[in-house]
Amino acid sequence: MPADSSLAKLFREYGSRWEIEKVQRGTEWIAVQRDTGGDYVCIVAAHDLGALRYRIDEVECEEPEERELDR
């Protein structure tokens with residue numbers, strides 16, 4: 001996982017594509033990405049900011065066809 005897991009950096013890098021927020025119970029952080037065409041919503045959850053960054057990077061590296069197969 002990347003060493004720099006600051007919230008400000010996450011917003012700078014992903015804020016235009018993801019809604020990021022802290023939640024109170026269970027998982028600490030979530031990020032939501034809505035498809036511009038309205039076909040799907042992608043939700044990523046993690047216990048800390050470093051893990052959230054890692055999971056967002058994984059989702060953004062996937063090919064669109066791979067995401068459709070996971071439905």
# chains A, B, ... in the order shown; residues from 1 in each chain; ligands from 1

call {"tool": "residues_around", "arguments": {"residues": "Arg25 in chain A", "least_positions_apart": "2", "cutoff": "12 Å", "atoms": "only C-alpha atoms", "output": "VMD selection string"}}
result
chain A and resid 22 to 23 27 to 30 45 to 47

call {"tool": "write_last_selection", "arguments": {"atoms": "N, CA and C atoms", "output": "mmCIF file, in the first residue's frame"}}
result
data_model
loop_
_atom_site.group_PDB
_atom_site.id
_atom_site.type_symbol
_atom_site.label_atom_id
_atom_site.label_comp_id
_atom_site.auth_asym_id
_atom_site.auth_seq_id
_atom_site.Cartn_x
_atom_site.Cartn_y
_atom_site.Cartn_z
ATOM 1 N N LYS A 22 -16.364 9.170 5.435
ATOM 2 C CA LYS A 22 -16.113 8.334 6.603
ATOM 3 C C LYS A 22 -17.470 7.904 7.157
ATOM 4 N N VAL A 23 -17.580 6.623 7.484
ATOM 5 C CA VAL A 23 -18.812 6.101 8.070
ATOM 6 C C VAL A 23 -18.523 5.642 9.495
ATOM 7 N N THR A 27 -17.039 -0.775 8.515
ATOM 8 C CA THR A 27 -16.010 -0.251 7.638
ATOM 9 C C THR A 27 -15.880 1.244 7.898
ATOM 10 N N GLU A 28 -14.674 1.730 7.962
ATOM 11 C CA GLU A 28 -14.446 3.132 8.304
ATOM 12 C C GLU A 28 -14.616 4.109 7.152
ATOM 13 N N TRP A 29 -14.218 3.706 5.935
ATOM 14 C CA TRP A 29 -14.254 4.620 4.797
ATOM 15 C C TRP A 29 -14.937 3.942 3.611
ATOM 16 N N ILE A 30 -15.715 4.744 2.863
ATOM 17 C CA ILE A 30 -16.310 4.247 1.621
ATOM 18 C C ILE A 30 -16.064 5.261 0.508
ATOM 19 N N ALA A 45 -15.040 -0.148 -0.063
ATOM 20 C CA ALA A 45 -14.989 0.080 1.380
ATOM 21 C C ALA A 45 -13.655 -0.405 1.933
ATOM 22 N N ALA A 46 -13.175 0.280 2.994
ATOM 23 C CA ALA A 46 -11.901 -0.109 3.612
ATOM 24 C C ALA A 46 -11.861 0.416 5.043
ATOM 25 N N HIS A 47 -10.959 -0.170 5.834
ATOM 26 C CA HIS A 47 -10.815 0.239 7.234
ATOM 27 C C HIS A 47 -9.934 1.464 7.415
#

call {"tool": "closest_atom_pairs", "arguments": {"of": "range 26-51 of chain A", "to": "range 10-21 of chain A", "cutoff": "10 Å", "atoms": "only C-alpha atoms", "output": "tab-separated table"}}
result
residue	atom	partner	partner_atom	distance
A:Glu28	CA	A:Glu21	CA	8.7
A:Trp29	CA	A:Glu21	CA	5.9
A:Ile30	CA	A:Glu21	CA	5.7
A:Ala31	CA	A:Ile20	CA	4.3
A:Val32	CA	A:Glu19	CA	5.1
A:Gln33	CA	A:Trp18	CA	4.7
A:Arg34	CA	A:Trp18	CA	7.6
A:Asp35	CA	A:Arg17	CA	9.2
A:Thr36	CA	A:Arg17	CA	9.6
A:Cys42	CA	A:Trp18	CA	9.3
A:Ile43	CA	A:Trp18	CA	9.3
A:Val44	CA	A:Ile20	CA	9.4
A:Ala45	CA	A:Ile20	CA	9.8
A:Leu49	CA	A:Leu10	CA	8.1
A:Gly50	CA	A:Leu10	CA	9.3

call {"tool": "atom_distance", "arguments": {"atom1": "CA of Val59 in chain A", "atom2": "CA of Ala8 in chain A"}}
result
20.1 Å

call {"tool": "decode", "arguments": {"residues": "range 4-34 of chain A", "atoms": "N, CA and C atoms", "output": "CSV table (one decimal), in the first residue's frame"}}
result
chain,number,residue,atom,x,y,z
A,4,ASP,N,1.7,7.4,1.5
A,4,ASP,CA,1.0,8.6,1.7
A,4,ASP,C,-0.5,8.3,1.6
A,5,SER,N,-1.2,8.2,2.7
A,5,SER,CA,-2.6,7.9,2.7
A,5,SER,C,-3.5,9.0,3.3
A,6,SER,N,-3.0,10.3,3.0
A,6,SER,CA,-3.8,11.4,3.5
A,6,SER,C,-5.1,11.6,2.8
A,7,LEU,N,-6.1,12.1,3.6
A,7,LEU,CA,-7.4,12.4,3.0
A,7,LEU,C,-7.3,13.4,1.9
A,8,ALA,N,-6.5,14.5,2.1
A,8,ALA,CA,-6.4,15.6,1.2
A,8,ALA,C,-5.9,15.0,-0.2
A,9,LYS,N,-4.9,14.1,-0.1
A,9,LYS,CA,-4.3,13.6,-1.4
A,9,LYS,C,-5.4,12.7,-2.1
A,10,LEU,N,-6.1,11.9,-1.3
A,10,LEU,CA,-7.2,11.1,-1.9
A,10,LEU,C,-8.2,12.0,-2.7
A,11,PHE,N,-8.6,13.1,-2.0
A,11,PHE,CA,-9.6,14.0,-2.7
A,11,PHE,C,-8.9,14.6,-3.9
A,12,ARG,N,-7.7,15.0,-3.9
A,12,ARG,CA,-7.0,15.6,-5.0
A,12,ARG,C,-7.0,14.6,-6.2
A,13,GLU,N,-6.6,13.4,-5.9
A,13,GLU,CA,-6.5,12.4,-7.0
A,13,GLU,C,-7.8,11.8,-7.5
A,14,TYR,N,-8.7,11.6,-6.6
A,14,TYR,CA,-9.9,10.8,-7.0
A,14,TYR,C,-11.2,11.6,-6.8
A,15,GLY,N,-11.2,12.8,-6.2
A,15,GLY,CA,-12.4,13.5,-5.8
A,15,GLY,C,-13.3,13.9,-7.0
A,16,SER,N,-12.7,14.0,-8.2
A,16,SER,CA,-13.6,14.3,-9.3
A,16,SER,C,-14.4,13.1,-9.8
A,17,ARG,N,-13.9,11.9,-9.5
A,17,ARG,CA,-14.6,10.7,-9.9
A,17,ARG,C,-15.3,9.9,-8.8
A,18,TRP,N,-14.9,10.1,-7.6
A,18,TRP,CA,-15.4,9.3,-6.5
A,18,TRP,C,-15.9,10.3,-5.4
A,19,GLU,N,-17.0,9.8,-4.7
A,19,GLU,CA,-17.5,10.5,-3.5
A,19,GLU,C,-16.9,9.7,-2.3
A,20,ILE,N,-16.1,10.3,-1.5
A,20,ILE,CA,-15.4,9.7,-0.4
A,20,ILE,C,-16.0,10.2,0.9
A,21,GLU,N,-16.3,9.3,1.8
A,21,GLU,CA,-16.8,9.7,3.1
A,21,GLU,C,-16.4,8.7,4.2
A,22,LYS,N,-16.4,9.2,5.4
A,22,LYS,CA,-16.1,8.3,6.6
A,22,LYS,C,-17.5,7.9,7.2
A,23,VAL,N,-17.6,6.6,7.5
A,23,VAL,CA,-18.8,6.1,8.1
A,23,VAL,C,-18.5,5.6,9.5
A,24,GLN,N,-19.5,5.6,10.3
A,24,GLN,CA,-19.4,5.3,11.7
A,24,GLN,C,-19.2,3.8,12.1
A,25,ARG,N,-19.9,3.0,11.5
A,25,ARG,CA,-19.9,1.6,11.9
A,25,ARG,C,-19.3,0.6,10.9
A,26,GLY,N,-18.6,-0.4,11.4
A,26,GLY,CA,-18.0,-1.4,10.6
A,26,GLY,C,-16.9,-0.9,9.8
A,27,THR,N,-17.0,-0.8,8.5
A,27,THR,CA,-16.0,-0.3,7.6
A,27,THR,C,-15.9,1.2,7.9
A,28,GLU,N,-14.7,1.7,8.0
A,28,GLU,CA,-14.4,3.1,8.3
A,28,GLU,C,-14.6,4.1,7.2
A,29,TRP,N,-14.2,3.7,5.9
A,29,TRP,CA,-14.3,4.6,4.8
A,29,TRP,C,-14.9,3.9,3.6
A,30,ILE,N,-15.7,4.7,2.9
A,30,ILE,CA,-16.3,4.2,1.6
A,30,ILE,C,-16.1,5.3,0.5
A,31,ALA,N,-16.0,4.8,-0.7
A,31,ALA,CA,-15.9,5.6,-1.9
A,31,ALA,C,-17.0,5.1,-2.9
A,32,VAL,N,-17.7,6.0,-3.5
A,32,VAL,CA,-18.7,5.6,-4.5
A,32,VAL,C,-18.4,6.3,-5.8
A,33,GLN,N,-18.4,5.5,-6.9
A,33,GLN,CA,-18.2,6.0,-8.2
A,33,GLN,C,-19.5,5.7,-9.0
A,34,ARG,N,-20.1,6.7,-9.6
A,34,ARG,CA,-21.3,6.5,-10.4
A,34,ARG,C,-20.9,6.6,-11.9
